[in-house]
Amino acid sequence: MYIKKTFSTLFILLVMATVAITDSTSFTIHVIGDSTVATYKSSVYPQTGWGQVVGSFFNESQVLINNVAIGGRSSKTFFTDGRLAALKSQVKPGDYLFVQFGHNDRYFGSNARQVPLDSFAYFLKIYLDSARSWNAIPVLVSPMVMNAWASNGTMRNVFTENGSDYRGVMEKLAKEQDVAFVDLNMRSFEDCKKWGQTYISSFLYHHYDVGDYPNWPQGSSDGTHFQENGSVSNARWIANEISSLSSSTYLSNATKQKLLPLIDALKPHYEVTVKTNKNVSGLVTKTALFPAGAPLTLRVKPASGETFEYWADADCRQVSTSQIYYGIQAPGKPTTYTAMFKGGSACVQASVPSSSSNEVSSSSSVEVSSSSVIVIRPEILSWVDMANPDSGSGTTDVNHEGYTGEGFWNIENALGSKAFYQLESKNASTNAVMAIRYANGSTETRSMKVTLDGWTYSVAFPPTETWATWDTIFVEDVWIDAVSMPLVIESTSETGGPNIDALGLSVLGLTRESSITSIEVISKNKSLLFSNNNPVQILLFDALGTCFLNQQFSSFEYENFMSSLAPGVYYIKGIQEEKTFFEQRVTKKK
Ligand code: GCU
């Protein structure tokens with residue numbers, strides 16, 4: 001017993017010592033890959049590989065990056081060059097080995113590089129085995145998409161299409177080998193597809209017009225390699241994938257444990273909102289999330305007839321007149337840049353303190369997602385209650401707690417069920433982040449089409465565990481053009497939408513436009529007339545609160561009614577759509 005106890009105490013001490021050492025010791029991420037990963041000289045800027053910028057996504061005081069990726073190599077030739085062997089002396093126990101191959105393996109132009117699909121796993125496994133024999137932790141990164149589009153306009157994924165599913169082979173190997181799989185391929189495919197060919201060509205890939213960059217006077221046309229902004233996107237997708245590894249279903253707990261230092265070293269991401277002062281059809285850098293210090297490029301490519309004037313920062317100061325504003329860094333807090341175009345509205349400062357009473361600040365602008373990447377967005381500055389639409393199929397409910405305002409809207413569980421709200425915004429002509437507070441107690445993601453001011457956004461509402469658990473989903477970049485704007489929510493599947501509590505915007509001044517605010521009360525011939533034709537609930541009570549009348553009228557002859565009452569002070573109230581729009585004190589003389 002005594003011996004046993006000593007042993008376990010000793011064991012605990014040893015474990016603690018190991019933990020302490022791991023925590024305080026920095027580790028290195030060795031990055032192995034090809035030209036899409038490699039580090040480039042400044043003389044070819046902005047060409048960049050993700051291995052060059054991924055360091056800013058990790059806590060620099062803890063993590064070193066050793067980028068040994070080199071152009072033209074496949075999983076085979078990096079190894080046969082002796083480059084993996086050369087790494088051995090640099091790798092310490094607890095380091096990570098990130099391995100991305102596929103571009104040259106699939107490269108049909110060169111037999112020397114090429115690795116047929118059925119040998120890809122064989123070569124990749126050499127990296128896994130070496131890493132593990134060095135007590136390092138391997139991470140497989142699937143190759144990001146190439147800028148390839150089918151003639152019908154849909155994006156191709158050259159690493160999954162028929163006969164060349166390099167991504168699939170890598171995923172299968174990772175699962176069999178209990179190794180982290182960072183699916184850069186799928187992440188990049190989803191976003192690039194959404195952003196579209198024109199945008200990704202000029203804003204992500206190594207593709208420049210004449211005169212864009214001094215290092216590329218003749219321009220460049222390349223759908224394989226990346227400019228800095230594209231490699232930062234690749235690094236962001238990688239960071240997002242890493243952050244979700246701890247909840248992966250295929251990794252053993254032992255492997256997840258080994259990945260924890262990597263996951264813990266990820267830095268928080270802050271939103272850099274890119275707005276325009278008018279709605280333009282040219283291209284503008286997308287709003288995105290960046291860790292502090294990540295390189296940032298702001299760019300516009302105006303359509304013909306649109307004139308770009310300058311970039312304004314969050315305080316509306318002019319910071320650059322260049323269409324491509326680069327060499328800046330993400331500040332490590334949410335910020336806003338506005339692309340100012342000729343003929344647009346004045347710049348709106350990003351952080352105006354909330355003052356008006358019907359504008360509630362969100363409780364927090366920090367969202368800790370299911371993963372460990374913390375997303376920090378601009379604050380949602382005004383909210384409206386969604387419990388009572390102007391019209392719609394569904395019910396206003398209060399049976400699940402945690403809602404705000406008067407309840408929540410439970411939309412009918414049917415394909416195409418809708419609700420309509422007339423909203424008003426005092427901030428016309430601006431982009432904003434839209435927030436929707438919802439609960440989805442089912443086990444499936446429910447999707448809706450949200451149409452605000454004529455622009456439709458597809459919004460997915462993941463399960464929130466219970467109907468009384470409320471979460472907020474953000475739509476990053478909505479355009480608000482008109483002062484009065486209709487909002488329509490529509491379910492896109494038979495299961496209907498989630499329960500919707502409230503909708504907010506990152507600008508001040510969002511309110512429900514109420515039809516009753518426009519009611520005029522005309523006092524005529526000792527009666528009250530109401531300018532809208534709907535019946536009005538009239539309440540009449542005395543100063544002690546005794547109610548003498550509670551009835552619907554379309555016009556109310558108060559003199560007539562009051563003749564039956566004793567002299568004194570009375571109050572008349574008009575209520576429509578559950579809101580008091582009219583209250584008046586009347587005195588009946590003796
Ligand atoms: C449950 C829940 C409702 C919800 C509904 C749904 O009935 O109580 O609040 O709207 O499921 O599936 O949409």
# chains A, B, ... in the order shown; residues from 1 in each chain; ligands from 1
$ closest_atom_pairs --of "chain A" --to "ligand 1" --cutoff "6 Å" --atoms "only C-alpha atoms and all ligand atoms" --output "tab-separated table"
residue	atom	partner	partner_atom_place_in_ligand_line	distance
A:Asn410	CA	ligand 1	10 (O)	4.8
A:Asn413	CA	ligand 1	13 (O)	5.8
A:Pro498	CA	ligand 1	13 (O)	5.8
A:Asn499	CA	ligand 1	10 (O)	5.4
$ select_by_dssp --residues "range 238-451 of chain A" --states "helix (DSSP H, G or I)" --output "list of chain:residue names"
A:Ile238, A:Ala239, A:Asn240, A:Glu241, A:Ile242, A:Ser243, A:Leu245, A:Ser246, A:Ser247, A:Asn253, A:Ala254, A:Thr255, A:Lys256, A:Gln257, A:Lys258, A:Leu259, A:Leu260, A:Pro261, A:Leu262, A:Ile263, A:Asp264
$ write_last_selection --atoms "N, CA and C atoms" --output "PDB file, in the first residue's frame"
ATOM      1  N   ILE A 238      -6.261  26.728 -42.784  1.00  0.00           N
ATOM      2  CA  ILE A 238      -5.496  25.731 -42.033  1.00  0.00           C
ATOM      3  C   ILE A 238      -5.732  25.925 -40.529  1.00  0.00           C
ATOM      4  N   ALA A 239      -5.652  27.181 -40.074  1.00  0.00           N
ATOM      5  CA  ALA A 239      -5.864  27.465 -38.646  1.00  0.00           C
ATOM      6  C   ALA A 239      -7.264  27.031 -38.217  1.00  0.00           C
ATOM      7  N   ASN A 240      -8.255  27.291 -39.064  1.00  0.00           N
ATOM      8  CA  ASN A 240      -9.625  26.895 -38.714  1.00  0.00           C
ATOM      9  C   ASN A 240      -9.750  25.381 -38.618  1.00  0.00           C
ATOM     10  N   GLU A 241      -9.104  24.689 -39.526  1.00  0.00           N
ATOM     11  CA  GLU A 241      -9.145  23.229 -39.481  1.00  0.00           C
ATOM     12  C   GLU A 241      -8.439  22.709 -38.219  1.00  0.00           C
ATOM     13  N   ILE A 242      -7.310  23.305 -37.892  1.00  0.00           N
ATOM     14  CA  ILE A 242      -6.580  22.857 -36.696  1.00  0.00           C
ATOM     15  C   ILE A 242      -7.443  23.053 -35.455  1.00  0.00           C
ATOM     16  N   SER A 243      -8.146  24.197 -35.420  1.00  0.00           N
ATOM     17  CA  SER A 243      -8.940  24.487 -34.224  1.00  0.00           C
ATOM     18  C   SER A 243     -10.062  23.474 -34.030  1.00  0.00           C
ATOM     19  N   LEU A 245      -9.743  20.219 -34.676  1.00  0.00           N
ATOM     20  CA  LEU A 245      -9.212  18.859 -34.520  1.00  0.00           C
ATOM     21  C   LEU A 245      -9.570  18.234 -33.174  1.00  0.00           C
ATOM     22  N   SER A 246      -9.699  19.093 -32.139  1.00  0.00           N
ATOM     23  CA  SER A 246      -9.970  18.505 -30.816  1.00  0.00           C
ATOM     24  C   SER A 246     -11.352  17.870 -30.762  1.00  0.00           C
ATOM     25  N   SER A 247     -12.251  18.260 -31.680  1.00  0.00           N
ATOM     26  CA  SER A 247     -13.568  17.611 -31.673  1.00  0.00           C
ATOM     27  C   SER A 247     -13.694  16.589 -32.804  1.00  0.00           C
ATOM     28  N   ASN A 253      -7.910   9.664 -28.525  1.00  0.00           N
ATOM     29  CA  ASN A 253      -7.680  10.684 -27.498  1.00  0.00           C
ATOM     30  C   ASN A 253      -6.198  10.958 -27.327  1.00  0.00           C
ATOM     31  N   ALA A 254      -5.384   9.925 -27.490  1.00  0.00           N
ATOM     32  CA  ALA A 254      -3.937  10.102 -27.330  1.00  0.00           C
ATOM     33  C   ALA A 254      -3.417  11.092 -28.381  1.00  0.00           C
ATOM     34  N   THR A 255      -3.891  10.946 -29.622  1.00  0.00           N
ATOM     35  CA  THR A 255      -3.433  11.858 -30.678  1.00  0.00           C
ATOM     36  C   THR A 255      -3.972  13.266 -30.433  1.00  0.00           C
ATOM     37  N   LYS A 256      -5.235  13.362 -30.017  1.00  0.00           N
ATOM     38  CA  LYS A 256      -5.790  14.693 -29.718  1.00  0.00           C
ATOM     39  C   LYS A 256      -4.963  15.383 -28.641  1.00  0.00           C
ATOM     40  N   GLN A 257      -4.551  14.606 -27.660  1.00  0.00           N
ATOM     41  CA  GLN A 257      -3.732  15.139 -26.575  1.00  0.00           C
ATOM     42  C   GLN A 257      -2.439  15.738 -27.127  1.00  0.00           C
ATOM     43  N   LYS A 258      -1.835  15.027 -28.081  1.00  0.00           N
ATOM     44  CA  LYS A 258      -0.580  15.504 -28.669  1.00  0.00           C
ATOM     45  C   LYS A 258      -0.793  16.759 -29.507  1.00  0.00           C
ATOM     46  N   LEU A 259      -2.015  16.943 -29.974  1.00  0.00           N
ATOM     47  CA  LEU A 259      -2.291  18.114 -30.819  1.00  0.00           C
ATOM     48  C   LEU A 259      -2.650  19.342 -29.994  1.00  0.00           C
ATOM     49  N   LEU A 260      -2.920  19.131 -28.695  1.00  0.00           N
ATOM     50  CA  LEU A 260      -3.376  20.255 -27.870  1.00  0.00           C
ATOM     51  C   LEU A 260      -2.427  21.463 -27.855  1.00  0.00           C
ATOM     52  N   PRO A 261      -1.098  21.246 -27.679  1.00  0.00           N
ATOM     53  CA  PRO A 261      -0.219  22.430 -27.684  1.00  0.00           C
ATOM     54  C   PRO A 261      -0.361  23.242 -28.978  1.00  0.00           C
ATOM     55  N   LEU A 262      -0.551  22.546 -30.084  1.00  0.00           N
ATOM     56  CA  LEU A 262      -0.702  23.226 -31.379  1.00  0.00           C
ATOM     57  C   LEU A 262      -1.999  24.041 -31.386  1.00  0.00           C
ATOM     58  N   ILE A 263      -3.076  23.402 -30.935  1.00  0.00           N
ATOM     59  CA  ILE A 263      -4.384  24.065 -30.930  1.00  0.00           C
ATOM     60  C   ILE A 263      -4.357  25.252 -29.967  1.00  0.00           C
ATOM     61  N   ASP A 264      -3.747  25.043 -28.806  1.00  0.00           N
ATOM     62  CA  ASP A 264      -3.686  26.111 -27.799  1.00  0.00           C
ATOM     63  C   ASP A 264      -2.860  27.305 -28.259  1.00  0.00           C
TER      64      ASP A 264
END
$ residues_around --residues "Ile65 in chain A" --least-positions-apart "2" --cutoff "7 Å" --atoms "only C-alpha atoms" --output "list in words"
Thr28, Ile29, His30, Gly55, Val63 and Asn67 of chain A
$ atom_distance --atom1 "CA of Gln47 in chain A" --atom2 "CA of Leu296 in chain A"
13.7 Å
$ atom_distance --atom1 "CA of Asp385 in chain A" --atom2 "CA of Phe408 in chain A"
7.8 Å
$ residues_around --residues "range 267-278 of chain A" --least-positions-apart "2" --cutoff "8 Å" --atoms "only C-alpha atoms" --output "ChimeraX atom specification"
/A:57-59,265,280,284-292,330,332-341,343-347,373-378,429-432
$ residues_around --residues "Gly392 in chain A" --least-positions-apart "6" --cutoff "9 Å" --atoms "only C-alpha atoms" --output "list in words"
Ile411, Glu412, Ser417, Lys418, Ala419, Phe420 and Tyr421 of chain A
$ write_last_selection --atoms "N, CA, C and O atoms" --output "JSON list (two decimals), in the first residue's frame"
[["chain", "number", "residue", "atom", "x", "y", "z"],
["A", 411, "ILE", "N", -41.38, 29.59, -36.98],
["A", 411, "ILE", "CA", -41.85, 29.54, -38.37],
["A", 411, "ILE", "C", -42.41, 28.15, -38.66],
["A", 411, "ILE", "O", -41.96, 27.15, -38.09],
["A", 412, "GLU", "N", -43.41, 28.10, -39.50],
["A", 412, "GLU", "CA", -44.06, 26.83, -39.83],
["A", 412, "GLU", "C", -43.03, 25.87, -40.43],
["A", 412, "GLU", "O", -42.22, 26.25, -41.28],
["A", 417, "SER", "N", -41.95, 28.19, -46.14],
["A", 417, "SER", "CA", -42.72, 29.03, -45.21],
["A", 417, "SER", "C", -41.93, 30.33, -44.97],
["A", 417, "SER", "O", -40.71, 30.33, -44.93],
["A", 418, "LYS", "N", -42.68, 31.42, -44.84],
["A", 418, "LYS", "CA", -42.04, 32.74, -44.82],
["A", 418, "LYS", "C", -42.54, 33.61, -43.68],
["A", 418, "LYS", "O", -43.63, 33.38, -43.16],
["A", 419, "ALA", "N", -41.75, 34.59, -43.32],
["A", 419, "ALA", "CA", -42.24, 35.67, -42.46],
["A", 419, "ALA", "C", -41.70, 36.97, -43.00],
["A", 419, "ALA", "O", -40.60, 37.01, -43.56],
["A", 420, "PHE", "N", -42.48, 38.01, -42.85],
["A", 420, "PHE", "CA", -42.16, 39.31, -43.43],
["A", 420, "PHE", "C", -42.08, 40.37, -42.35],
["A", 420, "PHE", "O", -42.96, 40.45, -41.48],
["A", 421, "TYR", "N", -41.04, 41.16, -42.38],
["A", 421, "TYR", "CA", -40.88, 42.26, -41.41],
["A", 421, "TYR", "C", -40.52, 43.52, -42.19],
["A", 421, "TYR", "O", -39.64, 43.48, -43.04]]
$ select_by_dssp --residues "range 204-381 of chain A" --states "strand (DSSP E or B)" --output "ChimeraX atom specification"
/A:205,208,220,226-227,266,269-276,283-284,288-290,295-301,308-312,318-320,324-329,335-341,366-368,374-376
$ residues_around --residues "Ile522 in chain A" --least-positions-apart "2" --cutoff "12 Å" --atoms "only C-alpha atoms" --output "number ranges by chain"
A: 519-520, 524-532, 555-557, 582
$ residues_around --residues "Trp134 in chain A" --least-positions-apart "2" --cutoff "8 Å" --atoms "only C-alpha atoms" --output "tab-separated table (two decimals) with C-alpha atoms, in the first residue's frame"
chain	number	residue	atom	x	y	z
A	88	LYS	CA	15.99	14.85	-38.99
A	91	VAL	CA	13.34	18.08	-35.34
A	92	LYS	CA	12.90	17.97	-31.56
A	93	PRO	CA	10.41	15.76	-29.73
A	130	SER	CA	9.62	9.48	-39.96
A	131	ALA	CA	7.81	12.10	-37.87
A	132	ARG	CA	6.65	9.51	-35.37
A	136	ALA	CA	7.24	14.60	-33.66
$ closest_residue --among "A:Gly496, A:Thr472, A:Asp222, A:Gly230" --to "Arg446 in chain A" --atoms "only C-alpha atoms"
A:Gly496
$ closest_residue --among "A:Val433, A:Trp50, A:Leu452, A:Met485" --to "Ile473 in chain A" --atoms "only C-alpha atoms"
A:Val433
$ atom_distance --atom1 "CA of Cys192 in chain A" --atom2 "CA of Asn147 in chain A"
8.4 Å
$ closest_residue --among "A:Asp34, A:Glu306, A:Asp118, A:Asp542" --to "Phe98 in chain A" --atoms "only C-alpha atoms"
A:Asp34
$ closest_residue --among "A:Leu97, A:Ile200, A:Ala387, A:Ala148" --to "Ala180 in chain A" --atoms "only C-alpha atoms"
A:Leu97
